[in-house]
Amino acid sequence: MEKRKSVLALAGIAIGIIILFGQWIGFLSVAALILMLAGIYKIRNSKIKKGYTMLAIGAGLLVLDHLFLFVVVTLGSLAVFYSRSRKLHKGQSSIFKHNFISNHKWDEVPWSLRSTSIWHVVGDVDADLTLALPEEREPVIFLQGIFGDIDITLPDNYGVEVEMFVLFGQIQFDRDHEAGMLNRLVWKSPNYAQSEYKVKFVISYLAGDVRVRFY
């Protein structure tokens, strides 16, 4: 019964998108949309690798069929990134990075934890805060992009606040798991107010896989 409901829900989403954007959708776009929805269905049914493969192929077909639209979305995402960065950091000293493809490995050696904003079209971020050397009392880490693979490990001696949004993909937060479309999570640790060191993560991707675990 649950599988039937999932299929009907995804079919409803597909029909709605076709009706809404019908004049821009051709055969290739329909095929891409079917692949992406099938990928979401596979992810929901724990077939993660196959699901993400289908999502990636579908996204690639959409880019080929709507290259101009992809460029517009990318530039729009970059504009939103700079606007949100200024609000989140509120004029404080911070690091800004933007790349087409980026790979940040903050889980292998000690690293400096300070307010940082990172944007990429395709990005991979692995951050282990047990190795972090804090330079600020309350740093804000802002990650935004089109496609992202994010893995964060948090120690229990930090006050943590998180805001996460993934349009297509999944969010794994400790034992909680959300997959599919419009995944959103807002959370603040119980010890936040009393913690000497605090950190806030703001993460936003059109398609991504975000995993947060506690050490």
# chains A, B, ... in the order shown; residues from 1 in each chain; ligands from 1
>>> residues_around(residues="Asp174 (chain A)", least_positions_apart="2", cutoff="12 Å", atoms="only C-alpha atoms", output="PDB file with all heavy atoms, in the first residue's frame")
ATOM      1  N   ASP A 151      29.442  15.572   4.282  1.00  0.00           N
ATOM      2  CA  ASP A 151      29.580  14.635   5.402  1.00  0.00           C
ATOM      3  C   ASP A 151      30.174  15.396   6.583  1.00  0.00           C
ATOM      4  O   ASP A 151      31.308  15.876   6.506  1.00  0.00           O
ATOM      5  CB  ASP A 151      30.486  13.476   4.996  1.00  0.00           C
ATOM      6  CG  ASP A 151      30.324  12.269   5.911  1.00  0.00           C
ATOM      7  OD1 ASP A 151      30.058  12.476   7.110  1.00  0.00           O
ATOM      8  OD2 ASP A 151      30.464  11.134   5.428  1.00  0.00           O
ATOM      9  N   ILE A 152      29.418  15.512   7.691  1.00  0.00           N
ATOM     10  CA  ILE A 152      29.844  16.303   8.849  1.00  0.00           C
ATOM     11  C   ILE A 152      29.817  15.453  10.108  1.00  0.00           C
ATOM     12  O   ILE A 152      28.830  14.763  10.373  1.00  0.00           O
ATOM     13  CB  ILE A 152      28.940  17.535   9.036  1.00  0.00           C
ATOM     14  CG1 ILE A 152      29.008  18.455   7.803  1.00  0.00           C
ATOM     15  CG2 ILE A 152      29.334  18.316  10.288  1.00  0.00           C
ATOM     16  CD1 ILE A 152      27.993  19.562   7.827  1.00  0.00           C
ATOM     17  N   THR A 153      30.899  15.510  10.889  1.00  0.00           N
ATOM     18  CA  THR A 153      30.973  14.828  12.180  1.00  0.00           C
ATOM     19  C   THR A 153      31.063  15.870  13.285  1.00  0.00           C
ATOM     20  O   THR A 153      31.926  16.749  13.246  1.00  0.00           O
ATOM     21  CB  THR A 153      32.201  13.894  12.248  1.00  0.00           C
ATOM     22  OG1 THR A 153      32.114  12.919  11.195  1.00  0.00           O
ATOM     23  CG2 THR A 153      32.255  13.173  13.589  1.00  0.00           C
ATOM     24  N   LEU A 154      30.163  15.768  14.273  1.00  0.00           N
ATOM     25  CA  LEU A 154      30.076  16.770  15.332  1.00  0.00           C
ATOM     26  C   LEU A 154      30.413  16.172  16.694  1.00  0.00           C
ATOM     27  O   LEU A 154      29.886  15.121  17.054  1.00  0.00           O
ATOM     28  CB  LEU A 154      28.663  17.355  15.390  1.00  0.00           C
ATOM     29  CG  LEU A 154      28.140  18.067  14.132  1.00  0.00           C
ATOM     30  CD1 LEU A 154      26.681  18.411  14.303  1.00  0.00           C
ATOM     31  CD2 LEU A 154      28.961  19.315  13.855  1.00  0.00           C
ATOM     32  N   ILE A 171      18.745  13.744   3.346  1.00  0.00           N
ATOM     33  CA  ILE A 171      19.404  14.269   4.530  1.00  0.00           C
ATOM     34  C   ILE A 171      19.411  13.168   5.582  1.00  0.00           C
ATOM     35  O   ILE A 171      18.356  12.639   5.949  1.00  0.00           O
ATOM     36  CB  ILE A 171      18.681  15.504   5.093  1.00  0.00           C
ATOM     37  CG1 ILE A 171      18.787  16.694   4.116  1.00  0.00           C
ATOM     38  CG2 ILE A 171      19.263  15.904   6.441  1.00  0.00           C
ATOM     39  CD1 ILE A 171      17.990  17.913   4.566  1.00  0.00           C
ATOM     40  N   GLN A 172      20.599  12.811   6.061  1.00  0.00           N
ATOM     41  CA  GLN A 172      20.737  11.861   7.166  1.00  0.00           C
ATOM     42  C   GLN A 172      21.291  12.626   8.359  1.00  0.00           C
ATOM     43  O   GLN A 172      22.415  13.122   8.316  1.00  0.00           O
ATOM     44  CB  GLN A 172      21.683  10.721   6.787  1.00  0.00           C
ATOM     45  CG  GLN A 172      21.124   9.786   5.732  1.00  0.00           C
ATOM     46  CD  GLN A 172      22.111   8.685   5.377  1.00  0.00           C
ATOM     47  OE1 GLN A 172      22.975   8.853   4.523  1.00  0.00           O
ATOM     48  NE2 GLN A 172      21.986   7.554   6.042  1.00  0.00           N
ATOM     49  N   ASP A 176      18.019   9.977  12.111  1.00  0.00           N
ATOM     50  CA  ASP A 176      16.896  10.403  11.273  1.00  0.00           C
ATOM     51  C   ASP A 176      17.314  10.430   9.811  1.00  0.00           C
ATOM     52  O   ASP A 176      18.450  10.768   9.478  1.00  0.00           O
ATOM     53  CB  ASP A 176      16.411  11.796  11.689  1.00  0.00           C
ATOM     54  CG  ASP A 176      15.838  11.806  13.097  1.00  0.00           C
ATOM     55  OD1 ASP A 176      15.265  10.768  13.496  1.00  0.00           O
ATOM     56  OD2 ASP A 176      15.977  12.821  13.799  1.00  0.00           O
ATOM     57  N   HIS A 177      16.354  10.114   8.948  1.00  0.00           N
ATOM     58  CA  HIS A 177      16.667  10.025   7.520  1.00  0.00           C
ATOM     59  C   HIS A 177      15.480  10.515   6.695  1.00  0.00           C
ATOM     60  O   HIS A 177      14.348  10.070   6.895  1.00  0.00           O
ATOM     61  CB  HIS A 177      16.991   8.569   7.156  1.00  0.00           C
ATOM     62  CG  HIS A 177      17.241   8.350   5.695  1.00  0.00           C
ATOM     63  ND1 HIS A 177      16.350   7.697   4.878  1.00  0.00           N
ATOM     64  CD2 HIS A 177      18.275   8.722   4.897  1.00  0.00           C
ATOM     65  CE1 HIS A 177      16.835   7.658   3.651  1.00  0.00           C
ATOM     66  NE2 HIS A 177      17.982   8.267   3.637  1.00  0.00           N
ATOM     67  N   GLU A 178      15.729  11.461   5.800  1.00  0.00           N
ATOM     68  CA  GLU A 178      14.715  11.948   4.875  1.00  0.00           C
ATOM     69  C   GLU A 178      15.261  11.856   3.464  1.00  0.00           C
ATOM     70  O   GLU A 178      16.392  12.276   3.211  1.00  0.00           O
ATOM     71  CB  GLU A 178      14.330  13.396   5.185  1.00  0.00           C
ATOM     72  CG  GLU A 178      13.641  13.601   6.529  1.00  0.00           C
ATOM     73  CD  GLU A 178      13.235  15.046   6.738  1.00  0.00           C
ATOM     74  OE1 GLU A 178      13.189  15.794   5.738  1.00  0.00           O
ATOM     75  OE2 GLU A 178      12.975  15.424   7.888  1.00  0.00           O
ATOM     76  N   TRP A 187      17.456  22.367  13.340  1.00  0.00           N
ATOM     77  CA  TRP A 187      17.718  21.723  14.637  1.00  0.00           C
ATOM     78  C   TRP A 187      18.727  22.542  15.444  1.00  0.00           C
ATOM     79  O   TRP A 187      19.624  23.166  14.876  1.00  0.00           O
ATOM     80  CB  TRP A 187      18.253  20.316  14.401  1.00  0.00           C
ATOM     81  CG  TRP A 187      18.503  19.516  15.644  1.00  0.00           C
ATOM     82  CD1 TRP A 187      17.604  18.770  16.348  1.00  0.00           C
ATOM     83  CD2 TRP A 187      19.762  19.345  16.323  1.00  0.00           C
ATOM     84  NE1 TRP A 187      18.212  18.150  17.417  1.00  0.00           N
ATOM     85  CE2 TRP A 187      19.532  18.490  17.424  1.00  0.00           C
ATOM     86  CE3 TRP A 187      21.047  19.842  16.094  1.00  0.00           C
ATOM     87  CZ2 TRP A 187      20.552  18.124  18.296  1.00  0.00           C
ATOM     88  CZ3 TRP A 187      22.058  19.475  16.969  1.00  0.00           C
ATOM     89  CH2 TRP A 187      21.807  18.624  18.055  1.00  0.00           C
ATOM     90  N   VAL A 210      23.364  14.798   2.160  1.00  0.00           N
ATOM     91  CA  VAL A 210      23.922  15.435   3.357  1.00  0.00           C
ATOM     92  C   VAL A 210      23.843  14.459   4.524  1.00  0.00           C
ATOM     93  O   VAL A 210      22.764  13.949   4.842  1.00  0.00           O
ATOM     94  CB  VAL A 210      23.175  16.738   3.705  1.00  0.00           C
ATOM     95  CG1 VAL A 210      23.787  17.374   4.948  1.00  0.00           C
ATOM     96  CG2 VAL A 210      23.205  17.714   2.544  1.00  0.00           C
ATOM     97  N   ARG A 211      24.995  14.207   5.154  1.00  0.00           N
ATOM     98  CA  ARG A 211      25.043  13.285   6.294  1.00  0.00           C
ATOM     99  C   ARG A 211      25.687  13.987   7.489  1.00  0.00           C
ATOM    100  O   ARG A 211      26.774  14.536   7.363  1.00  0.00           O
ATOM    101  CB  ARG A 211      25.844  12.036   5.933  1.00  0.00           C
ATOM    102  CG  ARG A 211      25.257  11.219   4.794  1.00  0.00           C
ATOM    103  CD  ARG A 211      26.200  10.135   4.319  1.00  0.00           C
ATOM    104  NE  ARG A 211      27.448  10.675   3.791  1.00  0.00           N
ATOM    105  CZ  ARG A 211      27.596  11.138   2.565  1.00  0.00           C
ATOM    106  NH1 ARG A 211      26.575  11.131   1.722  1.00  0.00           N
ATOM    107  NH2 ARG A 211      28.755  11.616   2.165  1.00  0.00           N
ATOM    108  N   VAL A 212      25.001  13.943   8.630  1.00  0.00           N
ATOM    109  CA  VAL A 212      25.524  14.524   9.866  1.00  0.00           C
ATOM    110  C   VAL A 212      25.484  13.468  10.948  1.00  0.00           C
ATOM    111  O   VAL A 212      24.450  12.836  11.187  1.00  0.00           O
ATOM    112  CB  VAL A 212      24.690  15.753  10.310  1.00  0.00           C
ATOM    113  CG1 VAL A 212      25.237  16.306  11.623  1.00  0.00           C
ATOM    114  CG2 VAL A 212      24.704  16.831   9.238  1.00  0.00           C
ATOM    115  N   ARG A 213      26.632  13.259  11.581  1.00  0.00           N
ATOM    116  CA  ARG A 213      26.701  12.262  12.657  1.00  0.00           C
ATOM    117  C   ARG A 213      27.388  12.874  13.866  1.00  0.00           C
ATOM    118  O   ARG A 213      28.155  13.843  13.736  1.00  0.00           O
ATOM    119  CB  ARG A 213      27.448  11.013  12.180  1.00  0.00           C
ATOM    120  CG  ARG A 213      28.873  11.252  11.750  1.00  0.00           C
ATOM    121  CD  ARG A 213      29.562   9.950  11.340  1.00  0.00           C
ATOM    122  NE  ARG A 213      28.917   9.372  10.188  1.00  0.00           N
ATOM    123  CZ  ARG A 213      29.245   9.649   8.928  1.00  0.00           C
ATOM    124  NH1 ARG A 213      30.198  10.534   8.694  1.00  0.00           N
ATOM    125  NH2 ARG A 213      28.643   9.085   7.932  1.00  0.00           N
ATOM    126  N   PHE A 214      27.140  12.293  15.030  1.00  0.00           N
ATOM    127  CA  PHE A 214      27.750  12.765  16.261  1.00  0.00           C
ATOM    128  C   PHE A 214      28.856  11.808  16.690  1.00  0.00           C
ATOM    129  O   PHE A 214      28.699  10.587  16.628  1.00  0.00           O
ATOM    130  CB  PHE A 214      26.699  12.917  17.364  1.00  0.00           C
ATOM    131  CG  PHE A 214      25.747  14.031  17.121  1.00  0.00           C
ATOM    132  CD1 PHE A 214      24.577  13.830  16.412  1.00  0.00           C
ATOM    133  CD2 PHE A 214      26.027  15.314  17.590  1.00  0.00           C
ATOM    134  CE1 PHE A 214      23.698  14.867  16.154  1.00  0.00           C
ATOM    135  CE2 PHE A 214      25.148  16.364  17.358  1.00  0.00           C
ATOM    136  CZ  PHE A 214      23.983  16.142  16.640  1.00  0.00           C
ATOM    137  N   TYR A 215      29.975  12.406  17.148  1.00  0.00           N
ATOM    138  CA  TYR A 215      31.131  11.594  17.515  1.00  0.00           C
ATOM    139  C   TYR A 215      30.936  10.993  18.906  1.00  0.00           C
ATOM    140  O   TYR A 215      30.524  11.689  19.827  1.00  0.00           O
ATOM    141  CB  TYR A 215      32.385  12.500  17.526  1.00  0.00           C
ATOM    142  CG  TYR A 215      33.663  11.750  17.858  1.00  0.00           C
ATOM    143  CD1 TYR A 215      34.258  10.940  16.906  1.00  0.00           C
ATOM    144  CD2 TYR A 215      34.231  11.855  19.121  1.00  0.00           C
ATOM    145  CE1 TYR A 215      35.432  10.271  17.206  1.00  0.00           C
ATOM    146  CE2 TYR A 215      35.404  11.184  19.426  1.00  0.00           C
ATOM    147  CZ  TYR A 215      35.998  10.389  18.471  1.00  0.00           C
ATOM    148  OH  TYR A 215      37.141   9.720  18.772  1.00  0.00           O
TER     149      TYR A 215
END
>>> residues_around(residues="region 193-200 of chain A", least_positions_apart="6", cutoff="9 Å", atoms="only C-alpha atoms", output="MDAnalysis selection string")
chainID A and resid 115 134 136:142 157:163
>>> write_last_selection(atoms="N, CA, C and O atoms", output="JSON list (two decimals), in the first residue's frame")
[["chain", "number", "residue", "atom", "x", "y", "z"],
["A", 115, "SER", "N", 34.29, 31.38, 10.38],
["A", 115, "SER", "CA", 33.13, 31.64, 9.51],
["A", 115, "SER", "C", 33.53, 31.54, 8.04],
["A", 115, "SER", "O", 34.47, 32.19, 7.59],
["A", 134, "PRO", "N", 39.14, 25.94, 16.71],
["A", 134, "PRO", "CA", 38.25, 27.11, 16.60],
["A", 134, "PRO", "C", 38.99, 28.43, 16.72],
["A", 134, "PRO", "O", 39.78, 28.63, 17.64],
["A", 136, "GLU", "N", 36.99, 31.28, 16.37],
["A", 136, "GLU", "CA", 35.90, 32.15, 16.79],
["A", 136, "GLU", "C", 35.01, 31.40, 17.77],
["A", 136, "GLU", "O", 35.00, 30.18, 17.81],
["A", 137, "ARG", "N", 34.24, 32.15, 18.54],
["A", 137, "ARG", "CA", 33.31, 31.55, 19.50],
["A", 137, "ARG", "C", 32.07, 31.00, 18.81],
["A", 137, "ARG", "O", 31.51, 30.00, 19.22],
["A", 138, "GLU", "N", 31.60, 31.71, 17.76],
["A", 138, "GLU", "CA", 30.36, 31.32, 17.11],
["A", 138, "GLU", "C", 30.48, 31.41, 15.59],
["A", 138, "GLU", "O", 29.86, 32.27, 14.96],
["A", 139, "PRO", "N", 31.27, 30.57, 14.97],
["A", 139, "PRO", "CA", 31.42, 30.61, 13.51],
["A", 139, "PRO", "C", 30.16, 30.11, 12.80],
["A", 139, "PRO", "O", 29.39, 29.31, 13.34],
["A", 140, "VAL", "N", 29.96, 30.62, 11.59],
["A", 140, "VAL", "CA", 28.85, 30.18, 10.74],
["A", 140, "VAL", "C", 29.45, 29.57, 9.47],
["A", 140, "VAL", "O", 30.25, 30.20, 8.79],
["A", 141, "ILE", "N", 29.06, 28.33, 9.15],
["A", 141, "ILE", "CA", 29.51, 27.64, 7.95],
["A", 141, "ILE", "C", 28.34, 27.56, 6.98],
["A", 141, "ILE", "O", 27.32, 26.92, 7.28],
["A", 142, "PHE", "N", 28.47, 28.22, 5.85],
["A", 142, "PHE", "CA", 27.40, 28.27, 4.85],
["A", 142, "PHE", "C", 27.85, 27.52, 3.60],
["A", 142, "PHE", "O", 28.84, 27.89, 2.97],
["A", 157, "ASN", "N", 30.79, 18.49, 22.58],
["A", 157, "ASN", "CA", 31.16, 19.65, 23.39],
["A", 157, "ASN", "C", 30.89, 20.97, 22.67],
["A", 157, "ASN", "O", 31.24, 22.04, 23.16],
["A", 158, "TYR", "N", 30.26, 20.92, 21.49],
["A", 158, "TYR", "CA", 29.88, 22.11, 20.74],
["A", 158, "TYR", "C", 28.37, 22.34, 20.86],
["A", 158, "TYR", "O", 27.59, 21.38, 20.86],
["A", 159, "GLY", "N", 27.97, 23.61, 20.94],
["A", 159, "GLY", "CA", 26.58, 23.94, 20.73],
["A", 159, "GLY", "C", 26.35, 24.04, 19.24],
["A", 159, "GLY", "O", 27.08, 24.77, 18.55],
["A", 160, "VAL", "N", 25.39, 23.31, 18.72],
["A", 160, "VAL", "CA", 25.24, 23.20, 17.27],
["A", 160, "VAL", "C", 23.85, 23.64, 16.83],
["A", 160, "VAL", "O", 22.84, 23.29, 17.45],
["A", 161, "GLU", "N", 23.82, 24.43, 15.75],
["A", 161, "GLU", "CA", 22.56, 24.81, 15.11],
["A", 161, "GLU", "C", 22.68, 24.50, 13.63],
["A", 161, "GLU", "O", 23.71, 24.80, 13.01],
["A", 162, "VAL", "N", 21.66, 23.86, 13.08],
["A", 162, "VAL", "CA", 21.72, 23.49, 11.66],
["A", 162, "VAL", "C", 20.43, 23.91, 10.94],
["A", 162, "VAL", "O", 19.34, 23.82, 11.50],
["A", 163, "GLU", "N", 20.60, 24.36, 9.71],
["A", 163, "GLU", "CA", 19.50, 24.62, 8.79],
["A", 163, "GLU", "C", 19.89, 23.97, 7.47],
["A", 163, "GLU", "O", 20.87, 24.37, 6.85]]
>>> select_by_dssp(residues="region 93-157 of chain A", states="strand (DSSP E)", output="ChimeraX atom specification")
/A:95-106,111-113,116-128,132-134,140-154
>>> write_last_selection(atoms="N, CA and C atoms", output="short mmCIF file (atom, residue, chain, number, x, y, z; two decimals), in the first residue's frame")
data_model
loop_
_atom_site.label_atom_id
_atom_site.label_comp_id
_atom_site.auth_asym_id
_atom_site.auth_seq_id
_atom_site.Cartn_x
_atom_site.Cartn_y
_atom_site.Cartn_z
N ILE A 95 35.49 33.86 5.31
CA ILE A 95 36.10 33.37 4.08
C ILE A 95 35.02 33.09 3.06
N PHE A 96 35.19 33.59 1.83
CA PHE A 96 34.26 33.34 0.73
C PHE A 96 34.99 32.55 -0.35
N LYS A 97 34.39 31.44 -0.77
CA LYS A 97 34.97 30.64 -1.84
C LYS A 97 33.87 30.25 -2.82
N HIS A 98 34.15 30.35 -4.12
CA HIS A 98 33.20 29.85 -5.11
C HIS A 98 33.98 29.23 -6.26
N ASN A 99 33.61 28.01 -6.60
CA ASN A 99 34.27 27.25 -7.66
C ASN A 99 33.24 26.44 -8.43
N PHE A 100 33.57 26.09 -9.65
CA PHE A 100 32.69 25.20 -10.41
C PHE A 100 32.68 23.81 -9.77
N ILE A 101 33.88 23.31 -9.47
CA ILE A 101 34.01 22.01 -8.77
C ILE A 101 34.95 22.21 -7.59
N SER A 102 34.57 21.72 -6.43
CA SER A 102 35.46 21.86 -5.27
C SER A 102 35.38 20.62 -4.40
N ASN A 103 36.46 20.39 -3.66
CA ASN A 103 36.56 19.23 -2.78
C ASN A 103 37.28 19.67 -1.51
N HIS A 104 36.57 19.70 -0.38
CA HIS A 104 37.14 20.16 0.88
C HIS A 104 37.23 18.98 1.85
N LYS A 105 38.45 18.61 2.22
CA LYS A 105 38.69 17.49 3.12
C LYS A 105 39.13 18.02 4.48
N TRP A 106 38.16 18.29 5.34
CA TRP A 106 38.44 18.78 6.69
C TRP A 106 38.27 17.64 7.70
N TRP A 111 42.33 21.44 11.40
CA TRP A 111 42.01 22.54 10.49
C TRP A 111 41.39 23.70 11.28
N SER A 112 41.49 24.91 10.73
CA SER A 112 41.00 26.11 11.39
C SER A 112 39.51 26.28 11.14
N LEU A 113 38.76 26.38 12.23
CA LEU A 113 37.31 26.57 12.14
C LEU A 113 36.99 28.06 12.30
N THR A 116 32.81 30.70 7.31
CA THR A 116 33.16 30.40 5.92
C THR A 116 31.90 30.24 5.08
N SER A 117 31.93 30.76 3.86
CA SER A 117 30.86 30.55 2.88
C SER A 117 31.46 29.91 1.64
N ILE A 118 30.87 28.79 1.21
CA ILE A 118 31.38 28.06 0.05
C ILE A 118 30.24 27.80 -0.92
N TRP A 119 30.47 28.12 -2.19
CA TRP A 119 29.51 27.83 -3.25
C TRP A 119 30.21 27.05 -4.36
N HIS A 120 29.50 26.07 -4.93
CA HIS A 120 30.04 25.33 -6.06
C HIS A 120 28.89 24.74 -6.88
N VAL A 121 29.17 24.45 -8.11
CA VAL A 121 28.20 23.73 -8.93
C VAL A 121 28.18 22.27 -8.51
N VAL A 122 29.37 21.69 -8.39
CA VAL A 122 29.51 20.31 -7.91
C VAL A 122 30.55 20.33 -6.79
N GLY A 123 30.18 19.84 -5.61
CA GLY A 123 31.13 19.92 -4.50
C GLY A 123 31.04 18.76 -3.53
N ASP A 124 32.15 18.54 -2.86
CA ASP A 124 32.27 17.48 -1.86
C ASP A 124 32.92 18.10 -0.63
N VAL A 125 32.23 18.04 0.51
CA VAL A 125 32.76 18.60 1.75
C VAL A 125 32.70 17.55 2.85
N ASP A 126 33.85 17.21 3.42
CA ASP A 126 33.94 16.31 4.56
C ASP A 126 34.54 17.09 5.72
N ALA A 127 33.76 17.30 6.79
CA ALA A 127 34.20 18.12 7.92
C ALA A 127 34.06 17.34 9.22
N ASP A 128 35.16 17.18 9.91
CA ASP A 128 35.18 16.51 11.22
C ASP A 128 35.56 17.55 12.26
N ALA A 132 38.84 20.16 14.54
CA ALA A 132 38.82 21.59 14.29
C ALA A 132 39.53 22.39 15.38
N LEU A 133 40.22 23.45 14.96
CA LEU A 133 40.86 24.40 15.87
C LEU A 133 40.07 25.70 15.78
N PRO A 134 39.14 25.94 16.71
CA PRO A 134 38.25 27.11 16.60
C PRO A 134 38.99 28.43 16.72
N VAL A 140 29.96 30.62 11.59
CA VAL A 140 28.85 30.18 10.74
C VAL A 140 29.45 29.57 9.47
N ILE A 141 29.06 28.33 9.15
CA ILE A 141 29.51 27.64 7.95
C ILE A 141 28.34 27.56 6.98
N PHE A 142 28.47 28.22 5.85
CA PHE A 142 27.40 28.27 4.85
C PHE A 142 27.85 27.52 3.60
N LEU A 143 27.12 26.47 3.25
CA LEU A 143 27.44 25.66 2.07
C LEU A 143 26.24 25.69 1.13
N GLN A 144 26.48 26.08 -0.12
CA GLN A 144 25.38 26.14 -1.10
C GLN A 144 25.90 25.74 -2.46
N GLY A 145 25.05 25.11 -3.25
CA GLY A 145 25.46 24.73 -4.59
C GLY A 145 24.36 24.03 -5.35
N ILE A 146 24.72 23.50 -6.51
CA ILE A 146 23.76 22.78 -7.35
C ILE A 146 23.76 21.30 -6.97
N PHE A 147 24.94 20.66 -7.00
CA PHE A 147 25.07 19.25 -6.61
C PHE A 147 26.10 19.16 -5.48
N GLY A 148 25.75 18.51 -4.38
CA GLY A 148 26.68 18.43 -3.25
C GLY A 148 26.64 17.09 -2.53
N ASP A 149 27.79 16.71 -2.02
CA ASP A 149 27.94 15.52 -1.17
C ASP A 149 28.61 15.98 0.11
N ILE A 150 27.85 16.07 1.20
CA ILE A 150 28.32 16.68 2.44
C ILE A 150 28.32 15.66 3.57
N ASP A 151 29.44 15.57 4.28
CA ASP A 151 29.58 14.63 5.40
C ASP A 151 30.17 15.40 6.58
N ILE A 152 29.42 15.51 7.69
CA ILE A 152 29.84 16.30 8.85
C ILE A 152 29.82 15.45 10.11
N THR A 153 30.90 15.51 10.89
CA THR A 153 30.97 14.83 12.18
C THR A 153 31.06 15.87 13.29
N LEU A 154 30.16 15.77 14.27
CA LEU A 154 30.08 16.77 15.33
C LEU A 154 30.41 16.17 16.69
#
>>> select_by_dssp(residues="region 8-212 of chain A", states="helix (DSSP H, G or I)", output="PyMOL selection string")
chain A and resi 8-20+22-24+27-44+48-65+67-89+129-131
>>> atom_distance(atom1="CA of Met164 (chain A)", atom2="CA of Asn191 (chain A)")
19.7 Å
>>> atom_distance(atom1="CA of Val109 (chain A)", atom2="CA of Ser94 (chain A)")
21.2 Å
>>> atom_distance(atom1="CA of Leu78 (chain A)", atom2="CA of Tyr205 (chain A)")
11.7 Å
>>> closest_residue(among="A:Gln170, A:Thr74, A:Ser189, A:Asn183", to="Asp156 (chain A)", atoms="only C-alpha atoms")
A:Ser189
>>> closest_residue(among="A:Ala32, A:Leu88, A:Val186, A:Leu129", to="Glu108 (chain A)", atoms="only C-alpha atoms")
A:Leu129
